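*Asks:* Next up, upload-v8.pdb (PDB, C-alpha atoms, pLDDT in the B column).
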```
ATOM      1  CA  MET A   1     -20.863  18.550  -9.647  1.00 93.00           C
ATOM      2  CA  SER A   2     -17.326  17.817 -10.843  1.00 94.00           C
ATOM      3  CA  ILE A   3     -15.492  15.342  -8.618  1.00 96.00           C
ATOM      4  CA  SER A   4     -12.042  13.795  -9.071  1.00 96.00           C
ATOM      5  CA  VAL A   5     -11.545  10.111  -8.386  1.00 97.00           C
ATOM      6  CA  GLU A   6      -8.257   8.277  -8.459  1.00 96.00           C
ATOM      7  CA  LEU A   7      -7.830   4.892 -10.091  1.00 97.00           C
ATOM      8  CA  THR A   8      -4.684   2.903  -9.346  1.00 96.00           C
ATOM      9  CA  VAL A   9      -3.965  -0.118 -11.516  1.00 98.00           C
ATOM     10  CA  SER A  10      -1.241  -2.609 -10.637  1.00 97.00           C
ATOM     11  CA  LEU A  11      -0.133  -6.012 -11.818  1.00 98.00           C
ATOM     12  CA  LYS A  12      -1.354  -9.270 -10.278  1.00 98.00           C
ATOM     13  CA  ILE A  13       2.075 -10.794 -10.856  1.00 97.00           C
ATOM     14  CA  PRO A  14       5.406  -9.443  -9.576  1.00 97.00           C
ATOM     15  CA  ASP A  15       6.253  -6.119 -11.220  1.00 98.00           C
ATOM     16  CA  VAL A  16       9.715  -6.595 -12.728  1.00 98.00           C
ATOM     17  CA  THR A  17      10.084  -2.859 -13.421  1.00 98.00           C
ATOM     18  CA  ALA A  18       9.581  -2.014  -9.748  1.00 98.00           C
ATOM     19  CA  LEU A  19      11.810  -4.921  -8.666  1.00 98.00           C
ATOM     20  CA  THR A  20      14.612  -3.780 -10.995  1.00 98.00           C
ATOM     21  CA  ALA A  21      14.320  -0.183  -9.771  1.00 98.00           C
ATOM     22  CA  ARG A  22      14.399  -1.357  -6.132  1.00 98.00           C
ATOM     23  CA  HIS A  23      17.461  -3.550  -6.677  1.00 98.00           C
ATOM     24  CA  THR A  24      19.260  -0.701  -8.468  1.00 97.00           C
ATOM     25  CA  LEU A  25      18.443   1.772  -5.703  1.00 97.00           C
ATOM     26  CA  GLN A  26      19.427  -0.672  -2.958  1.00 97.00           C
ATOM     27  CA  GLY A  27      22.586  -1.955  -4.603  1.00 96.00           C
ATOM     28  CA  ALA A  28      24.306   0.266  -7.127  1.00 94.00           C
ATOM     29  CA  MET A  29      22.951   3.513  -5.698  1.00 95.00           C
ATOM     30  CA  GLY A  30      23.557   2.659  -2.037  1.00 95.00           C
ATOM     31  CA  TYR A  31      20.069   2.927  -0.510  1.00 97.00           C
ATOM     32  CA  GLY A  32      19.985  -0.645   0.802  1.00 97.00           C
ATOM     33  CA  ALA A  33      19.772   0.394   4.452  1.00 97.00           C
ATOM     34  CA  GLU A  34      16.935   2.882   3.873  1.00 97.00           C
ATOM     35  CA  LEU A  35      14.733   1.312   1.164  1.00 98.00           C
ATOM     36  CA  ALA A  36      12.784  -1.777   2.228  1.00 97.00           C
ATOM     37  CA  GLU A  37      10.294  -2.002  -0.656  1.00 97.00           C
ATOM     38  CA  LEU A  38       9.288  -0.149  -3.824  1.00 98.00           C
ATOM     39  CA  THR A  39       5.962  -0.620  -5.584  1.00 97.00           C
ATOM     40  CA  ARG A  40       4.525   0.862  -8.762  1.00 97.00           C
ATOM     41  CA  ALA A  41       1.018   1.383 -10.142  1.00 97.00           C
ATOM     42  CA  ASP A  42      -0.537   3.236 -13.039  1.00 97.00           C
ATOM     43  CA  TRP A  43      -2.387   6.224 -11.606  1.00 97.00           C
ATOM     44  CA  TRP A  44      -5.328   7.916 -13.261  1.00 97.00           C
ATOM     45  CA  ARG A  45      -7.114  11.019 -11.994  1.00 97.00           C
ATOM     46  CA  ILE A  46     -10.573  10.960 -13.542  1.00 98.00           C
ATOM     47  CA  ASP A  47     -12.695  14.121 -13.364  1.00 98.00           C
ATOM     48  CA  VAL A  48     -16.339  13.043 -13.486  1.00 98.00           C
ATOM     49  CA  GLU A  49     -19.732  14.715 -13.287  1.00 97.00           C
ATOM     50  CA  ALA A  50     -21.627  13.100 -10.427  1.00 97.00           C
ATOM     51  CA  ALA A  51     -24.202  14.038  -7.804  1.00 96.00           C
ATOM     52  CA  ASP A  52     -21.929  13.147  -4.886  1.00 96.00           C
ATOM     53  CA  GLU A  53     -18.762  11.290  -3.928  1.00 95.00           C
ATOM     54  CA  ALA A  54     -20.492   7.894  -3.797  1.00 96.00           C
ATOM     55  CA  ALA A  55     -21.822   8.339  -7.349  1.00 97.00           C
ATOM     56  CA  ALA A  56     -18.368   9.457  -8.525  1.00 97.00           C
ATOM     57  CA  LEU A  57     -16.746   6.372  -6.994  1.00 97.00           C
ATOM     58  CA  ALA A  58     -19.395   4.152  -8.586  1.00 98.00           C
ATOM     59  CA  LEU A  59     -18.726   5.717 -11.991  1.00 98.00           C
ATOM     60  CA  GLY A  60     -14.977   5.237 -11.483  1.00 97.00           C
ATOM     61  CA  GLY A  61     -15.569   1.562 -10.725  1.00 97.00           C
ATOM     62  CA  GLU A  62     -17.763   1.226 -13.798  1.00 98.00           C
ATOM     63  CA  LEU A  63     -15.077   2.794 -15.985  1.00 98.00           C
ATOM     64  CA  ALA A  64     -12.481   0.376 -14.612  1.00 97.00           C
ATOM     65  CA  GLU A  65     -14.642  -2.738 -14.884  1.00 97.00           C
ATOM     66  CA  GLN A  66     -16.763  -2.094 -17.979  1.00 96.00           C
ATOM     67  CA  THR A  67     -14.319  -0.446 -20.386  1.00 96.00           C
ATOM     68  CA  ASN A  68     -11.023  -1.726 -21.735  1.00 92.00           C
ATOM     69  CA  VAL A  69      -9.326   1.653 -21.276  1.00 97.00           C
ATOM     70  CA  PHE A  70      -7.741   1.238 -17.837  1.00 98.00           C
ATOM     71  CA  VAL A  71      -7.778  -2.381 -16.665  1.00 97.00           C
ATOM     72  CA  ASN A  72      -7.135  -5.783 -18.210  1.00 97.00           C
ATOM     73  CA  PRO A  73      -8.849  -8.101 -15.700  1.00 96.00           C
ATOM     74  CA  ASN A  74      -6.540 -10.967 -16.658  1.00 96.00           C
ATOM     75  CA  LYS A  75      -3.435  -9.184 -15.398  1.00 97.00           C
ATOM     76  CA  HIS A  76      -4.453  -6.164 -13.293  1.00 98.00           C
ATOM     77  CA  VAL A  77      -5.993  -5.332  -9.944  1.00 97.00           C
ATOM     78  CA  PHE A  78      -7.381  -1.858  -9.332  1.00 97.00           C
ATOM     79  CA  ARG A  79      -8.581   0.476  -6.624  1.00 96.00           C
ATOM     80  CA  VAL A  80     -10.934   3.438  -7.002  1.00 96.00           C
ATOM     81  CA  SER A  81     -10.805   6.130  -4.336  1.00 94.00           C
ATOM     82  CA  THR A  82     -10.789   9.836  -3.778  1.00 87.00           C
ATOM     83  CA  HIS A  83      -7.314   9.417  -2.243  1.00 77.00           C
ATOM     84  CA  ALA A  84      -5.721   6.330  -3.792  1.00 59.00           C
ATOM     85  CA  HIS A  85      -2.189   7.372  -2.871  1.00 64.00           C
ATOM     86  CA  THR A  86      -2.785   6.945   0.880  1.00 68.00           C
ATOM     87  CA  ARG A  87      -0.920   4.011   2.422  1.00 74.00           C
ATOM     88  CA  GLU A  88      -0.972   2.769   5.992  1.00 75.00           C
ATOM     89  CA  PRO A  89       2.434   2.637   7.705  1.00 73.00           C
ATOM     90  CA  ARG A  90       3.916  -0.777   8.424  1.00 84.00           C
ATOM     91  CA  PRO A  91       5.863  -1.481  11.618  1.00 88.00           C
ATOM     92  CA  GLY A  92       9.229   0.286  11.295  1.00 89.00           C
ATOM     93  CA  LEU A  93       8.488   1.539   7.769  1.00 94.00           C
ATOM     94  CA  LEU A  94       7.031   4.763   6.417  1.00 94.00           C
ATOM     95  CA  PRO A  95       5.386   4.898   2.986  1.00 95.00           C
ATOM     96  CA  VAL A  96       6.087   7.849   0.694  1.00 95.00           C
ATOM     97  CA  GLY A  97       4.192   8.229  -2.551  1.00 95.00           C
ATOM     98  CA  ILE A  98       5.797   9.876  -5.562  1.00 97.00           C
ATOM     99  CA  LEU A  99       3.745  10.538  -8.656  1.00 97.00           C
ATOM    100  CA  THR A 100       5.628  10.720 -11.964  1.00 98.00           C
ATOM    101  CA  GLY A 101       4.641  11.180 -15.590  1.00 97.00           C
ATOM    102  CA  PHE A 102       5.785  12.263 -19.009  1.00 97.00           C
ATOM    103  CA  ARG A 103       5.246  15.805 -20.208  1.00 95.00           C
ATOM    104  CA  ASP A 104       2.911  16.063 -23.189  1.00 90.00           C
ATOM    105  CA  ASP A 105       1.907  12.389 -22.883  1.00 91.00           C
ATOM    106  CA  ALA A 106      -0.949  11.846 -25.357  1.00 95.00           C
ATOM    107  CA  LYS A 107      -2.184   8.629 -23.743  1.00 96.00           C
ATOM    108  CA  ALA A 108      -4.589  10.432 -21.379  1.00 96.00           C
ATOM    109  CA  ALA A 109      -5.988  12.563 -24.216  1.00 96.00           C
ATOM    110  CA  MET A 110      -6.584   9.460 -26.351  1.00 97.00           C
ATOM    111  CA  ALA A 111      -8.266   7.656 -23.452  1.00 97.00           C
ATOM    112  CA  LEU A 112     -10.505  10.681 -22.792  1.00 97.00           C
ATOM    113  CA  ALA A 113     -11.492  10.847 -26.472  1.00 97.00           C
ATOM    114  CA  ALA A 114     -12.393   7.145 -26.413  1.00 97.00           C
ATOM    115  CA  LEU A 115     -14.475   7.510 -23.244  1.00 97.00           C
ATOM    116  CA  GLN A 116     -16.312  10.595 -24.444  1.00 97.00           C
ATOM    117  CA  GLY A 117     -16.772   9.273 -27.991  1.00 96.00           C
ATOM    118  CA  ARG A 118     -17.102   5.604 -28.838  1.00 95.00           C
ATOM    119  CA  LEU A 119     -17.737   4.441 -25.262  1.00 97.00           C
ATOM    120  CA  GLY A 120     -20.577   6.912 -24.690  1.00 96.00           C
ATOM    121  CA  TYR A 121     -19.532   8.636 -21.470  1.00 97.00           C
ATOM    122  CA  GLY A 122     -19.798  12.080 -23.119  1.00 93.00           C
ATOM    123  CA  ASP A 123     -20.134  14.795 -20.482  1.00 92.00           C
ATOM    124  CA  ARG A 124     -19.923  12.365 -17.544  1.00 97.00           C
ATOM    125  CA  VAL A 125     -16.115  12.166 -17.877  1.00 98.00           C
ATOM    126  CA  ARG A 126     -14.590  15.662 -18.007  1.00 97.00           C
ATOM    127  CA  GLY A 127     -10.850  15.055 -17.804  1.00 96.00           C
ATOM    128  CA  LEU A 128      -8.062  12.533 -17.280  1.00 96.00           C
ATOM    129  CA  GLU A 129      -4.510  12.692 -16.000  1.00 96.00           C
ATOM    130  CA  LEU A 130      -2.105   9.759 -16.178  1.00 98.00           C
ATOM    131  CA  GLY A 131       0.961   9.072 -14.092  1.00 97.00           C
ATOM    132  CA  THR A 132       2.894   6.367 -12.308  1.00 98.00           C
ATOM    133  CA  LEU A 133       2.511   6.080  -8.558  1.00 97.00           C
ATOM    134  CA  TRP A 134       5.701   4.873  -6.900  1.00 97.00           C
ATOM    135  CA  THR A 135       5.454   3.949  -3.212  1.00 97.00           C
ATOM    136  CA  PHE A 136       8.721   3.880  -1.281  1.00 97.00           C
ATOM    137  CA  TRP A 137       8.658   1.882   1.957  1.00 97.00           C
ATOM    138  CA  LEU A 138      11.463   3.423   3.993  1.00 97.00           C
ATOM    139  CA  ARG A 139      13.139   2.316   7.222  1.00 97.00           C
ATOM    140  CA  THR A 140      12.689   5.516   9.174  1.00 93.00           C
ATOM    141  CA  THR A 141      10.285   6.984  11.684  1.00 89.00           C
ATOM    142  CA  ASP A 142      10.836  10.599  10.598  1.00 94.00           C
ATOM    143  CA  ALA A 143       8.313  11.630   7.918  1.00 93.00           C
ATOM    144  CA  ALA A 144      10.387  14.607   6.735  1.00 96.00           C
ATOM    145  CA  GLU A 145      13.473  12.417   6.321  1.00 96.00           C
ATOM    146  CA  ALA A 146      11.392   9.797   4.480  1.00 96.00           C
ATOM    147  CA  HIS A 147      10.220  12.436   1.977  1.00 97.00           C
ATOM    148  CA  ARG A 148      13.779  13.714   1.471  1.00 97.00           C
ATOM    149  CA  LEU A 149      15.041  10.187   0.807  1.00 97.00           C
ATOM    150  CA  ALA A 150      12.241   9.373  -1.648  1.00 97.00           C
ATOM    151  CA  GLU A 151      12.786  12.622  -3.522  1.00 97.00           C
ATOM    152  CA  ARG A 152      16.548  11.981  -3.696  1.00 96.00           C
ATOM    153  CA  MET A 153      15.945   8.483  -5.062  1.00 97.00           C
ATOM    154  CA  THR A 154      13.412   9.791  -7.615  1.00 98.00           C
ATOM    155  CA  LEU A 155      14.852  12.877  -9.314  1.00 97.00           C
ATOM    156  CA  THR A 156      17.860  12.307 -11.555  1.00 96.00           C
ATOM    157  CA  THR A 157      20.332  15.160 -11.068  1.00 93.00           C
ATOM    158  CA  ASP A 158      23.528  13.379 -12.145  1.00 88.00           C
ATOM    159  CA  ARG A 159      24.703   9.855 -12.884  1.00 81.00           C
ATOM    160  CA  HIS A 160      24.932   8.971  -9.199  1.00 80.00           C
ATOM    161  CA  SER A 161      21.608  10.255  -7.852  1.00 87.00           C
ATOM    162  CA  GLY A 162      17.993   9.740  -8.741  1.00 95.00           C
ATOM    163  CA  LEU A 163      16.568   6.998 -10.910  1.00 97.00           C
ATOM    164  CA  LEU A 164      12.899   7.405 -11.744  1.00 98.00           C
ATOM    165  CA  VAL A 165      12.525  10.902 -13.252  1.00 98.00           C
ATOM    166  CA  ASN A 166      14.406  12.600 -16.048  1.00 96.00           C
ATOM    167  CA  PRO A 167      13.613  16.268 -15.349  1.00 96.00           C
ATOM    168  CA  HIS A 168      13.945  17.161 -19.030  1.00 95.00           C
ATOM    169  CA  SER A 169      11.019  15.028 -20.160  1.00 96.00           C
ATOM    170  CA  MET A 170       9.067  14.184 -17.005  1.00 97.00           C
ATOM    171  CA  TRP A 171       7.140  15.819 -14.184  1.00 97.00           C
ATOM    172  CA  TRP A 172       6.862  14.554 -10.626  1.00 97.00           C
ATOM    173  CA  ARG A 173       5.372  15.445  -7.269  1.00 96.00           C
ATOM    174  CA  ALA A 174       5.555  14.030  -3.783  1.00 94.00           C
ATOM    175  CA  LEU A 175       2.281  13.062  -2.146  1.00 90.00           C
TER     176      LEU A 175
END
```
Write the structure described by the file as structure tokens, please.

*Replies:*
Amino acid sequence: MSISVELTVSLKIPDVTALTARHTLQGAMGYGAELAELTRADWWRIDVEAADEAAALALGGELAEQTNVFVNPNKHVFRVSTHAHTREPRPGLLPVGILTGFRDDAKAAMALAALQGRLGYGDRVRGLELGTLWTFWLRTTDAAEAHRLAERMTLTTDRHSGLLVNPHSMWWRAL
């Protein structure tokens, strides 16, 4: 049975890309009152052949730990799940996940070829998708407003709005 697992990979040390994006959004773009925190992780959707969800999660963990395709254990931490984008709310803050990626990015295709070829996972790994998972921690209690704010901060429409996605070369979706 084909099952999708999600692998999120983030840095053990402070992520300067996420920190720079947060400071830009809070300062120059005027979202200081709304945006409390911004985190970033590499996101992989891995389509695997497995008997059940537990076997799929075990294979996802094996791929993360035993191959050098996704994780460098010296600098990364990872999480394997069937719903890696889920975050628990914090007091006074709502998390909103935004998934972004480049159109026609060959990195996932190269990783899939490596897994199916030289690493010997053949038919056990059917497909890969790569993106960046941004999590906005917003000071609001209204989920609809939190999604609107995160989308406004993400999609670049002019020089004064949006920061993370150039719509001409990237795709994105709210989670």

*Asks:* Between A:Leu149, A:His83, A:Lys12, A:Val96, which residue has the minimum interatomic distance to Gly32 of chain A, considering all atoms listed in the file?

*Replies:* A:Leu149

*Asks:* Go ahead and compute the interatomic distance for atom CA of Ala41 of chain A and atom CA of Gly122 of chain A, in Å to one decimal.

*Replies:*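 Going from atom CA of Ala41 of chain A over to atom CA of Gly122 of chain A covers 26.8 Å.
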
*Asks:* Which of these, A:Leu175, A:Ala33, A:Val125, A:Ala18, has the shortest distance to Glu62 of chain A once you count only C-alpha atoms?

*Replies:* A:Val125

*Asks:* Using only C-alpha atoms, which residue out of A:Ala108, A:Arg103, A:Arg124, A:Arg79 lies closest to Ala55 of chain A?

*Replies:*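 Looking at the shortest contact to Ala55 of chain A, the residue is A:Arg124.
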
*Asks:* Compare A:Ser81, A:Thr157, A:Thr17, A:Ser169 by their minimum atom-to-atom distance to Arg45 of chain A, counting only C-alpha atoms, and give me the closest one.

*Replies:*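 Among the listed residues, the smallest separation from Arg45 of chain A belongs to A:Ser81.
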
*Asks:* Selected by the PyMOL selection byres ((chain A and resi 75) around 8) in the shown coordinates: which residues, as a list in words?

*Replies:*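 Those residues are Leu11, Lys12, Ile13, Asn72, Pro73, Asn74, His76 and Val77 of chain A.
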
*Asks:* Run the PyMOL selection byres ((chain A and resi 25) around 12) mentally over the shown coordinates, then write out the matched residues as a ChimeraX atom specification, using the chain letters and numbers from the document.

*Replies:* /A:18-24,26-38,136,149-150,152-154,160-164

*Asks:* Do you know which residues the PyMOL selection byres ((chain A and resi 109) around 12) returns on this file, as a list of chain:residue names?

*Replies:*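 Written out, the selection comes to A:Trp44, A:Ile46, A:Val69, A:Asp104, A:Asp105, A:Ala106, A:Lys107, A:Ala108, A:Met110, A:Ala111, A:Leu112, A:Ala113, A:Ala114, A:Leu115, A:Gln116, A:Gly117, A:Val125, A:Arg126, A:Gly127, A:Leu128, A:Glu129, A:Leu130.
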
*Asks:* Find, counting all atoms listed in the file, the residue in A:Ala50, A:Ala64, A:Leu133, A:Ala56 that gets nearest to Arg87 of chain A.

*Replies:*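 When distances to Arg87 of chain A are compared using all atoms listed in the file, the smallest one comes from A:Leu133.
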
*Asks:* Just to confirm, what's the straight-line distance from atom CA of Gly92 of chain A to atom CA of Thr39 of chain A in Å (one decimal)?

*Replies:*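 Computing it gives 17.2 Å between the two atoms.
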
*Asks:* Using only C-alpha atoms, which of A:Leu94, A:Val71, A:Ile3, A:Ala174 sits nearest Thr140 of chain A?

*Replies:*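 Between A:Leu94, A:Val71, A:Ile3, A:Ala174, the residue approaching Thr140 of chain A most closely is A:Leu94.
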
*Asks:* Mind working out the centre and edge lengths of an axis-aligned box for segment 28-35 of chain A, all listed atoms inside, 4 Å added to each side, rounded to one decimal in Å and written as lines of an AutoDock Vina configuration file?

*Replies:*
```
center_x = 19.5
center_y = 1.4
center_z = -1.3
size_x = 17.6
size_y = 12.2
size_z = 19.6
```

*Asks:* What lies within 7 Å of Phe78 of chain A using only C-alpha atoms, ignoring chain neighbours under 4 positions off, as a PyMOL selection string?

*Replies:* chain A and resi 7-10

*Asks:* Quick one: residues within 12 Å of Thr141 of chain A, all atoms listed in the file counted, chain neighbours fewer than 3 positions away excluded, as a PyMOL selection string?

*Replies:* chain A and resi 34+89-96+137-138+144-147
